[in-house]
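Working notes, beginning with the structure itself.
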Amino acid sequence: MTEQNTGHGPGAAADAPDADDNRRQVLYWRLLARLFDHEEQPALESASLAVVEDIGLPPALLDPDASVGSVVQRHPELAAEFDGLMTPEPEEDGGRDRAAEVRRAALASKVLLNVFASGSGTVTAEQLARWQSDAEWFERALGCRPGELRGGRGGAGRAGAGGGTGVGPTGTGVGGPLPDLSRLIPAIGPELGSIEAGLVKRMRLREVLADPALAARLTPSMSLIEQLLRDKDNLSGVALANAKALIRRYVDEVTEVLRTQVEKSTVGELDRSVPPKRVFRNLDIDRTIWKNLTNWDPEGERLYVDRLYYRHTSRKTTPQRLIVIVDQSGSMVDSMVNCTILASIFAGLPKVDVHLIAYDTQALDLTPWAHDPFETLLRTKLGGGTDGTVAMALAQPKIAEPRNTVVVWISDFYEWRQQELFDSMAAVHRSGAKFIPVGSVTSSGRGSVNPWFRERFKDLGAPVISGHIKKLVHELKTFLT
């Protein structure tokens with residue numbers, strides 16, 4: 001064996017980076033092997049254990065049954081390292097810190113395996129809760145808020161969509177530094193949602209709901225709410241009560257997030273046609289002084305005020321009618337939940353008259369419950385075909401004053417009677433009503449829209465809004481304020 005290979009003597013310093021590259025390569029190969037093959041590779045496992053112990057990390061990182069949260073609980077000093085783990089790392093002046101890259105690779109492998117290697121077979125409530133916790137750590141590693149990418153309660157600033165096992169290093173080969181996965185955020189969110197939905201489907205949900213202790217372990221998510229809404233008619237007693245409690249929790253949490261967005265977006269313009277209230281708190285001192293400067297007495301150094309000026313505080317709140325029409329077919333469940341909640345928030349605003357219609361092959365006027373998204377969702381029936389003409393028949397009589405009405409239509413627009421429905425939508429648009437077609441109001445922004453409708457809406461001058469629900473909030477703000 002030569003001096004260079006032993007790691008002693010003059011060549012040792014030059015060889016150190018190669019050793020770190022080899023360590024990273026071992027961790028990455030184990031990551032890829034476990035993602036694509038559930039069978040354990042003894043050689044890779046023992047080599048990875050040696051690497052982890054060598055760099056001073058706990059062997060629990062390699063335990064597939066240990067959640068990230070449990071590892072952090074036993075080793076709290078690691079919490080800060082997981083936060084922002086997969087965001088760009090500034091390069092040191094002396095070049096790459098290969099030893100730090102090995103450590104990051106070990107931590108990232110733990111998060112990625114726990115999230116993307118979801119296994120098979122029946123899932124328990126505890127396993128689902130553990131996966132959701134690991135998914136939150138993954139979101140934190142990408143620099144997002146917990147729940148953000150999956151469209152959950154964490155809000156949605158950077159939500160996006162995603163590729164599942166495309167998590168291997170890029171650009172520098174399997175032995176290269178940890179890639180900046182934050183660039184893949186637009187490709188990750190839907191994949192997380194898909195994995196979560198698969199886990200929920202593998203649960204014996206009715207048995208879990210019938211046991212209060214197991215039901216208490218469930219964390220509400222869009223996937224879980226979808227299953228509960230689909231199965232609610234088959235539940236009774238304790239199971240139904242637990243299902244309703246989970247739906248209520250999710251609705252309340254998402255409502256809080258959306259209400260904040262709406263409140264920030266719905267401040268109307270000052271209405272100067274309304275005289276300001278002549279009270280002290282509205283006194284405009286700067287303007288009062290400016291307007292009375294001609295009355296300044298230089299000898300007595302006094303300002304004589306002939307007139308007081310007050311600030312305008314009244315804002316324009318013209319009564320508006322908002323008609324929300326939601327496709328409740330199976331492909332639109334995320335939109336159904338979000339828009340039902342959004343409609344209830346707008347229903348609580350002063351002088352906004354909200355009407356809510358849900359449809360598949362039949363239409364249901366949910367206006368009496370529009371203020372309560374929980375009650376509204378319990379009255380929906382997800383699934384079935386799609387025939388928007390039945391919803392239009394309910395909506396048209398509600399458009400009494402077109403220029404004072406906005407019609408929001410949420411659907412993927414894969415319709416049975418395309419031309420007939422589009423003609424009626426075009427008529428609503430030409431009448432002077434504000435017509436807003438929405439193809440997706442999910443928190444992740446992923447959704448499919450019928451190209452036939454998309455092109456015709458564009459020609460009509462009412463292009464389809466697709467993406468985050470914030471886009472719809474912004475669009476409604478410009479009309480309702």
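Naming works like this for the structure tokens: A, B, ... for the chains as they're shown, residue 1 at the start of each chain, ligands 1 onward in shown order.
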
Set the distance at 12 Å and use only C-alpha atoms: which residues neighbour Ala108 in chain A once local chain neighbours fewer than 2 positions away are removed? I'd like the list as JSON, numbers by chain.
{"A": [24, 27, 28, 31, 61, 62, 68, 78, 81, 82, 83, 84, 85, 86, 87, 101, 102, 103, 104, 105, 106, 110, 111, 112, 113, 114, 115, 116, 134, 137, 138, 139, 140, 141, 142, 167, 168, 169, 177, 178, 179, 180, 181]}

As a ChimeraX atom specification, please: every residue in range 269-460 of chain A that a backbone DSSP assignment puts in strand (DSSP E or B).
/A:270,283,296-297,302-303,310,315,320-327,352-359,363-365,405-410,434-438

CA of Val279 in chain A sits from CA of Arg311 in chain A at a separation of 9.7 Å

Suppose you want the space between CA of Asp252 in chain A and CA of Arg204 in chain A; what is it in Å?
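About the pair CA of Asp252 in chain A and CA of Arg204 in chain A: they are 25.4 Å apart.
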